[in-house]
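> Sharing query24.cif here; it has mmCIF, C-alpha atoms.
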```cif
data_protein
loop_
_atom_site.group_PDB
_atom_site.id
_atom_site.type_symbol
_atom_site.label_atom_id
_atom_site.label_comp_id
_atom_site.auth_asym_id
_atom_site.auth_seq_id
_atom_site.Cartn_x
_atom_site.Cartn_y
_atom_site.Cartn_z
ATOM 1 C CA MET A 6 -2.386 1.054 -4.543
ATOM 2 C CA ASN A 7 -1.177 4.254 -2.824
ATOM 3 C CA SER A 8 0.727 7.082 -4.461
ATOM 4 C CA GLU A 9 4.106 5.740 -3.319
ATOM 5 C CA THR A 10 3.677 2.306 -4.877
ATOM 6 C CA THR A 11 2.281 3.964 -7.981
ATOM 7 C CA ALA A 12 5.437 6.087 -8.195
ATOM 8 C CA ILE A 13 7.630 2.973 -7.979
ATOM 9 C CA ALA A 14 5.560 1.123 -10.567
ATOM 10 C CA LYS A 15 5.768 4.053 -12.986
ATOM 11 C CA SER A 16 9.525 4.345 -12.488
ATOM 12 C CA ARG A 17 10.072 0.695 -13.405
ATOM 13 C CA GLY A 18 7.478 0.385 -16.132
ATOM 14 C CA PRO A 19 4.559 -2.033 -16.357
ATOM 15 C CA GLY A 20 6.231 -5.113 -14.865
ATOM 16 C CA LYS A 21 8.851 -5.405 -17.574
ATOM 17 C CA PRO A 22 12.371 -6.333 -16.532
ATOM 18 C CA GLY A 23 15.200 -4.242 -17.917
ATOM 19 C CA PRO A 24 17.479 -5.336 -20.730
ATOM 20 C CA LYS A 25 19.653 -8.366 -19.990
ATOM 21 C CA ASN A 26 22.831 -6.350 -20.405
ATOM 22 C CA GLU A 27 21.931 -3.758 -17.778
ATOM 23 C CA SER A 28 24.887 -2.813 -15.628
ATOM 24 C CA VAL A 29 24.867 -2.655 -11.845
ATOM 25 C CA ASP A 30 25.123 1.127 -12.134
ATOM 26 C CA GLN A 31 21.947 1.221 -14.206
ATOM 27 C CA LEU A 32 20.126 -1.014 -11.733
ATOM 28 C CA THR A 33 21.214 1.043 -8.759
ATOM 29 C CA GLN A 34 20.252 4.229 -10.612
ATOM 30 C CA GLN A 35 16.748 2.808 -11.100
ATOM 31 C CA ASN A 36 16.574 2.053 -7.374
ATOM 32 C CA VAL A 37 17.755 5.556 -6.492
ATOM 33 C CA GLU A 38 15.134 7.063 -8.792
ATOM 34 C CA ALA A 39 12.397 4.867 -7.307
ATOM 35 C CA ILE A 40 13.327 5.959 -3.766
ATOM 36 C CA LEU A 41 13.475 9.620 -4.835
ATOM 37 C CA LYS A 42 9.973 9.267 -6.274
ATOM 38 C CA LEU A 43 8.814 7.802 -2.968
ATOM 39 C CA GLU A 44 10.324 10.751 -1.114
ATOM 40 C CA GLU A 45 8.735 13.205 -3.541
ATOM 41 C CA ALA A 46 5.331 11.530 -3.126
ATOM 42 C CA ALA A 47 5.657 11.835 0.666
ATOM 43 C CA LYS A 48 6.605 15.506 0.365
ATOM 44 C CA ASN A 49 3.656 16.191 -1.917
ATOM 45 C CA GLN A 50 1.263 14.818 0.702
ATOM 46 C CA ARG A 51 2.160 17.518 3.226
ATOM 47 C CA THR A 52 -0.474 20.071 4.113
ATOM 48 C CA ARG A 53 0.071 23.797 3.787
ATOM 49 C CA SER A 54 0.424 24.156 7.562
ATOM 50 C CA GLU A 55 3.071 21.404 7.627
ATOM 51 C CA LEU A 56 4.978 23.203 4.873
ATOM 52 C CA VAL A 57 4.841 26.471 6.854
ATOM 53 C CA ALA A 58 5.955 24.707 10.047
ATOM 54 C CA GLU A 59 8.814 23.034 8.193
ATOM 55 C CA GLY A 60 9.933 26.329 6.652
ATOM 56 C CA ILE A 61 9.903 28.043 10.044
ATOM 57 C CA ALA A 62 11.760 25.130 11.670
ATOM 58 C CA ARG A 63 14.372 25.207 8.903
ATOM 59 C CA PHE A 64 14.861 28.970 9.382
ATOM 60 C CA CYS A 65 15.112 28.540 13.172
ATOM 61 C CA GLY A 66 17.914 26.050 12.668
ATOM 62 C CA SER A 67 20.039 28.485 10.693
ATOM 63 C CA MET A 68 22.758 30.976 11.593
ATOM 64 C CA ARG A 69 20.643 33.702 10.001
ATOM 65 C CA PHE A 70 18.102 33.124 12.805
ATOM 66 C CA VAL A 71 20.853 33.495 15.403
ATOM 67 C CA TRP A 72 22.141 36.734 13.853
ATOM 68 C CA VAL A 73 18.630 38.203 13.602
ATOM 69 C CA HIS A 74 18.189 37.576 17.319
ATOM 70 C CA VAL A 75 21.613 38.917 18.242
ATOM 71 C CA ILE A 76 20.839 42.148 16.382
ATOM 72 C CA TRP A 77 17.283 42.324 17.762
ATOM 73 C CA PHE A 78 18.306 41.764 21.402
ATOM 74 C CA SER A 79 21.300 44.082 21.161
ATOM 75 C CA THR A 80 19.197 46.845 19.655
ATOM 76 C CA TRP A 81 16.429 46.324 22.217
ATOM 77 C CA VAL A 82 18.844 46.449 25.152
ATOM 78 C CA PHE A 83 20.744 49.413 23.702
ATOM 79 C CA VAL A 84 17.577 51.458 23.025
ATOM 80 C CA ASN A 85 16.230 50.728 26.489
ATOM 81 C CA LEU A 86 19.485 51.506 28.346
ATOM 82 C CA VAL A 87 20.727 54.650 26.558
ATOM 83 C CA PRO A 88 20.130 57.748 28.691
ATOM 84 C CA GLY A 89 18.119 60.553 27.123
ATOM 85 C CA ILE A 90 15.867 58.240 25.088
ATOM 86 C CA LYS A 91 12.400 57.325 26.305
ATOM 87 C CA HIS A 92 12.583 53.645 27.306
ATOM 88 C CA ILE A 93 9.719 51.442 26.114
ATOM 89 C CA ASP A 94 10.871 48.470 28.185
ATOM 90 C CA PRO A 95 13.259 49.559 30.947
ATOM 91 C CA PHE A 96 15.566 47.136 32.710
ATOM 92 C CA PRO A 97 14.854 44.209 33.537
ATOM 93 C CA PHE A 98 13.159 44.127 30.089
ATOM 94 C CA THR A 99 9.871 42.542 31.141
ATOM 95 C CA PHE A 100 8.188 43.021 27.768
ATOM 96 C CA LEU A 101 11.190 41.524 25.926
ATOM 97 C CA THR A 102 11.017 38.520 28.259
ATOM 98 C CA LEU A 103 7.315 38.086 27.447
ATOM 99 C CA VAL A 104 7.925 38.313 23.685
ATOM 100 C CA VAL A 105 10.835 35.864 23.817
ATOM 101 C CA SER A 106 8.773 33.412 25.914
ATOM 102 C CA LEU A 107 5.894 33.527 23.432
ATOM 103 C CA GLU A 108 8.339 33.100 20.562
ATOM 104 C CA ALA A 109 9.821 30.034 22.272
ATOM 105 C CA ILE A 110 6.381 28.479 22.682
ATOM 106 C CA PHE A 111 5.483 28.922 19.014
ATOM 107 C CA LEU A 112 8.911 27.909 17.720
ATOM 108 C CA SER A 113 8.907 24.714 19.770
ATOM 109 C CA THR A 114 5.458 23.894 18.371
ATOM 110 C CA PHE A 115 6.623 24.448 14.779
ATOM 111 C CA ILE A 116 9.710 22.326 15.384
ATOM 112 C CA LEU A 117 7.611 19.518 16.887
ATOM 113 C CA ILE A 118 5.254 19.587 13.884
ATOM 114 C CA SER A 119 8.232 19.341 11.546
ATOM 115 C CA GLN A 120 9.780 16.526 13.599
ATOM 116 C CA ASN A 121 6.485 14.632 13.649
ATOM 117 C CA HIS A 122 6.387 14.737 9.863
ATOM 118 C CA ASP A 123 10.002 13.565 9.650
ATOM 119 C CA THR A 124 9.168 10.745 12.082
ATOM 120 C CA GLN A 125 6.255 9.623 9.899
ATOM 121 C CA ILE A 126 8.533 9.504 6.855
ATOM 122 C CA SER A 127 11.170 7.613 8.844
ATOM 123 C CA GLU A 128 8.583 5.103 10.073
ATOM 124 C CA ARG A 129 7.376 4.612 6.502
ATOM 125 C CA ARG A 130 10.971 3.968 5.382
ATOM 126 C CA ASN A 131 11.499 1.507 8.233
ATOM 127 C CA HIS A 132 8.305 -0.311 7.307
ATOM 128 C CA LEU A 133 9.419 -0.478 3.672
ATOM 129 C CA ASP A 134 12.845 -1.790 4.745
ATOM 130 C CA LEU A 135 11.203 -4.435 6.911
ATOM 131 C CA GLN A 136 8.916 -5.561 4.082
ATOM 132 C CA ILE A 137 11.822 -5.776 1.644
ATOM 133 C CA ASN A 138 13.943 -7.663 4.167
ATOM 134 C CA LEU A 139 11.147 -10.147 4.860
ATOM 135 C CA LEU A 140 10.589 -10.659 1.150
ATOM 136 C CA SER A 141 14.318 -11.170 0.643
ATOM 137 C CA GLU A 142 14.380 -13.685 3.499
ATOM 138 C CA GLN A 143 11.481 -15.600 1.952
ATOM 139 C CA GLU A 144 13.207 -15.580 -1.445
ATOM 140 C CA ASN A 145 16.467 -16.843 0.083
ATOM 141 C CA THR A 146 14.672 -19.645 1.928
ATOM 142 C CA LYS A 147 12.937 -20.665 -1.295
ATOM 143 C CA MET A 148 16.247 -20.613 -3.206
ATOM 144 C CA ILE A 149 17.916 -22.828 -0.580
ATOM 145 C CA ARG A 150 15.073 -25.317 -0.883
ATOM 146 C CA MET A 151 15.278 -25.233 -4.688
ATOM 147 C CA LEU A 152 19.059 -25.736 -4.619
ATOM 148 C CA GLN A 153 18.632 -28.671 -2.229
ATOM 149 C CA ALA A 154 16.062 -30.195 -4.610
ATOM 150 C CA ILE A 155 18.385 -29.661 -7.582
ATOM 151 C CA ALA A 156 21.299 -31.235 -5.678
ATOM 152 C CA ASP A 157 19.105 -34.224 -4.780
ATOM 153 C CA LYS A 158 17.912 -34.531 -8.387
ATOM 154 C CA VAL A 159 21.412 -34.543 -9.902
ATOM 155 C CA GLY A 160 22.800 -36.737 -7.133
ATOM 156 C CA ALA A 161 25.247 -34.138 -5.790
ATOM 157 C CA HIS A 162 26.391 -34.912 -2.274
ATOM 158 C CA VAL A 163 26.454 -31.679 -0.277
ATOM 159 C CA GLY A 164 27.129 -33.245 3.098
ATOM 160 C CA HIS A 165 25.242 -32.730 6.300
ATOM 161 C CA ASP A 166 25.202 -29.074 7.215
ATOM 162 C CA PRO A 167 22.983 -28.235 10.239
ATOM 163 C CA HIS A 168 23.138 -24.551 9.333
ATOM 164 C CA LEU A 169 21.733 -25.314 5.899
ATOM 165 C CA GLU A 170 18.821 -27.168 7.469
ATOM 166 C CA GLN A 171 18.134 -24.240 9.791
ATOM 167 C CA LEU A 172 18.402 -21.686 6.992
ATOM 168 C CA SER A 173 15.947 -23.625 4.839
ATOM 169 C CA GLN A 174 13.261 -23.089 7.483
ATOM 170 C CA GLU A 175 11.061 -20.034 7.144
ATOM 171 C CA THR A 176 11.932 -17.117 9.377
ATOM 172 C CA GLN A 177 9.272 -16.273 11.910
ATOM 173 C CA PRO A 178 9.423 -12.555 12.759
ATOM 174 C CA GLU A 179 7.238 -13.068 15.845
ATOM 175 C CA LYS A 180 9.855 -15.364 17.415
ATOM 176 C CA LEU A 181 12.614 -12.897 16.600
ATOM 177 C CA VAL A 182 10.688 -10.140 18.378
ATOM 178 C CA GLU A 183 10.239 -12.417 21.407
ATOM 179 C CA GLN A 184 13.989 -13.127 21.476
ATOM 180 C CA ILE A 185 14.799 -9.415 21.280
ATOM 181 C CA GLU A 186 12.339 -8.606 24.072
ATOM 182 C CA GLN A 187 13.731 -11.388 26.275
ATOM 183 C CA ARG A 188 17.265 -10.109 25.697
ATOM 184 C CA GLU A 189 16.274 -6.541 26.512
ATOM 185 C CA GLU A 190 14.686 -7.670 29.803
ATOM 186 C CA LYS A 191 17.996 -9.141 30.981
#
```
Step by step, read the file and then write its structure as structure tokens.


Amino acid sequence: MNSETTAIAKSRGPGKPGPKNESVDQLTQQNVEAILKLEEAAKNQRTRSELVAEGIARFCGSMRFVWVHVIWFSTWVFVNLVPGIKHIDPFPFTFLTLVVSLEAIFLSTFILISQNHDTQISERRNHLDLQINLLSEQENTKMIRMLQAIADKVGAHVGHDPHLEQLSQETQPEKLVEQIEQREEK
């Protein structure tokens, strides 16, 4: 059991269902809390370098970053163009170009690290969604079969519904993937 499933189990208690009079709001609140615990567990698994990269990427995506650069570039250009002052980097500002190029290389690396982490979390969420959807599909198929058996047992005539027969069959994800791939090829 990994830390994420442990977090969900702890949020719901040791396999005990909630009170029978729980409202929908209470149930959804439990779900929200379980998902927040999953997110927190994922955040706690980040390494120090990932945290640094994320902090830098967050700063780079802010207006403060833009203003720092506007002030820095303006000052640099002003100091190196004003007559009477010794110019460290005269026009065409070769050293400034070098510094900005190096900054771009490192910033793009930090942003990619942060995006990779976000992608991993997104893939984990997608996998969780898929598992829940498959479980829900299996539960629905089982309920249809049980309802058909109950209807047969009590002698209820439900009529011939071809959709009902199709829905009572188990979903095969492999065939769905094949259908999607065939459609995409067209």

> Using the chain letters and numbers from the file, give me the residues hit by the PyMOL selection byres ((chain A and resi 173) around 9), as a PyMOL selection string.

chain A and resi 145-150+168-172+174-176

> Please produce a file of the residues just selected, as a PDB file, in the coordinates of the input, where the atoms kept are C-alpha atoms.


```
ATOM      1  CA  ASN A 145      16.467 -16.843   0.083  1.00  0.00           C
ATOM      2  CA  THR A 146      14.672 -19.645   1.928  1.00  0.00           C
ATOM      3  CA  LYS A 147      12.937 -20.665  -1.295  1.00  0.00           C
ATOM      4  CA  MET A 148      16.247 -20.613  -3.206  1.00  0.00           C
ATOM      5  CA  ILE A 149      17.916 -22.828  -0.580  1.00  0.00           C
ATOM      6  CA  ARG A 150      15.073 -25.317  -0.883  1.00  0.00           C
ATOM      7  CA  HIS A 168      23.138 -24.551   9.333  1.00  0.00           C
ATOM      8  CA  LEU A 169      21.733 -25.314   5.899  1.00  0.00           C
ATOM      9  CA  GLU A 170      18.821 -27.168   7.469  1.00  0.00           C
ATOM     10  CA  GLN A 171      18.134 -24.240   9.791  1.00  0.00           C
ATOM     11  CA  LEU A 172      18.402 -21.686   6.992  1.00  0.00           C
ATOM     12  CA  GLN A 174      13.261 -23.089   7.483  1.00  0.00           C
ATOM     13  CA  GLU A 175      11.061 -20.034   7.144  1.00  0.00           C
ATOM     14  CA  THR A 176      11.932 -17.117   9.377  1.00  0.00           C
TER      15      THR A 176
END
```

> In Å, rounded to a single decimal, give me how far CA of Asn49 (chain A) is from CA of Ile126 (chain A).

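These two atoms are separated by 12.1 Å.
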
> Evaluate the PyMOL selection byres ((chain A and resi 123) around 12) on the structure here and hand back the selected residues as a PyMOL selection string.

chain A and resi 44+47-48+51+55-56+58-59+62+116-122+124-130

> For the residues selected in the previous step, produce a file with C-alpha atoms as an mmCIF file, in the coordinates of the input.


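Result file is selection_14.cif:
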```cif
data_model
loop_
_atom_site.group_PDB
_atom_site.id
_atom_site.type_symbol
_atom_site.label_atom_id
_atom_site.label_comp_id
_atom_site.auth_asym_id
_atom_site.auth_seq_id
_atom_site.Cartn_x
_atom_site.Cartn_y
_atom_site.Cartn_z
ATOM 1 C CA GLU A 44 10.324 10.751 -1.114
ATOM 2 C CA ALA A 47 5.657 11.835 0.666
ATOM 3 C CA LYS A 48 6.605 15.506 0.365
ATOM 4 C CA ARG A 51 2.160 17.518 3.226
ATOM 5 C CA GLU A 55 3.071 21.404 7.627
ATOM 6 C CA LEU A 56 4.978 23.203 4.873
ATOM 7 C CA ALA A 58 5.955 24.707 10.047
ATOM 8 C CA GLU A 59 8.814 23.034 8.193
ATOM 9 C CA ALA A 62 11.760 25.130 11.670
ATOM 10 C CA ILE A 116 9.710 22.326 15.384
ATOM 11 C CA LEU A 117 7.611 19.518 16.887
ATOM 12 C CA ILE A 118 5.254 19.587 13.884
ATOM 13 C CA SER A 119 8.232 19.341 11.546
ATOM 14 C CA GLN A 120 9.780 16.526 13.599
ATOM 15 C CA ASN A 121 6.485 14.632 13.649
ATOM 16 C CA HIS A 122 6.387 14.737 9.863
ATOM 17 C CA THR A 124 9.168 10.745 12.082
ATOM 18 C CA GLN A 125 6.255 9.623 9.899
ATOM 19 C CA ILE A 126 8.533 9.504 6.855
ATOM 20 C CA SER A 127 11.170 7.613 8.844
ATOM 21 C CA GLU A 128 8.583 5.103 10.073
ATOM 22 C CA ARG A 129 7.376 4.612 6.502
ATOM 23 C CA ARG A 130 10.971 3.968 5.382
#
```

> As an exercise, work out the distance from CA of Ile76 (chain A) to CA of Leu101 (chain A) in Å and give it to one decimal place.

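Between these atoms lies a distance of 13.6 Å.
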
> Give me the residues near Leu86 (chain A) as a list in words, where near means some atom within 9 Å (using all atoms listed in the file) and where sequence neighbours in that chain fewer than 4 positions away do not count.

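Here the answer would be Trp81, Val82, Ile90, His92, Pro95 and Phe96 of chain A.
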
> How far is it from CA of Cys65 (chain A) to CA of Leu112 (chain A), in Å with one decimal?

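Taking CA of Cys65 (chain A) and CA of Leu112 (chain A), their separation equals 7.7 Å.
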
> Build an axis-aligned box that encloses every atom of region 64-72 of chain A listed in the file, pad it by 5 Å on each side, and report its centre and edge lengths in Å to one decimal, as AutoDock Vina command-line options.


```
--center_x 18.8 --center_y 31.4 --center_z 12.4 --size_x 17.9 --size_y 20.7 --size_z 16.0
```

> Just checking: using only C-alpha atoms, which residue out of A:Thr114, A:His165, A:Asn85, A:Lys158 ends up closest to Ser54 (chain A)?

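That would be A:Thr114, the residue with the smallest distance to Ser54 (chain A).
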
> Which residue, A:Ala161, A:Leu133, A:Val75, A:Val182, has the smallest gap to Ile40 (chain A) when you use all atoms listed in the file?

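Closest to Ile40 (chain A) of all the choices is A:Leu133.
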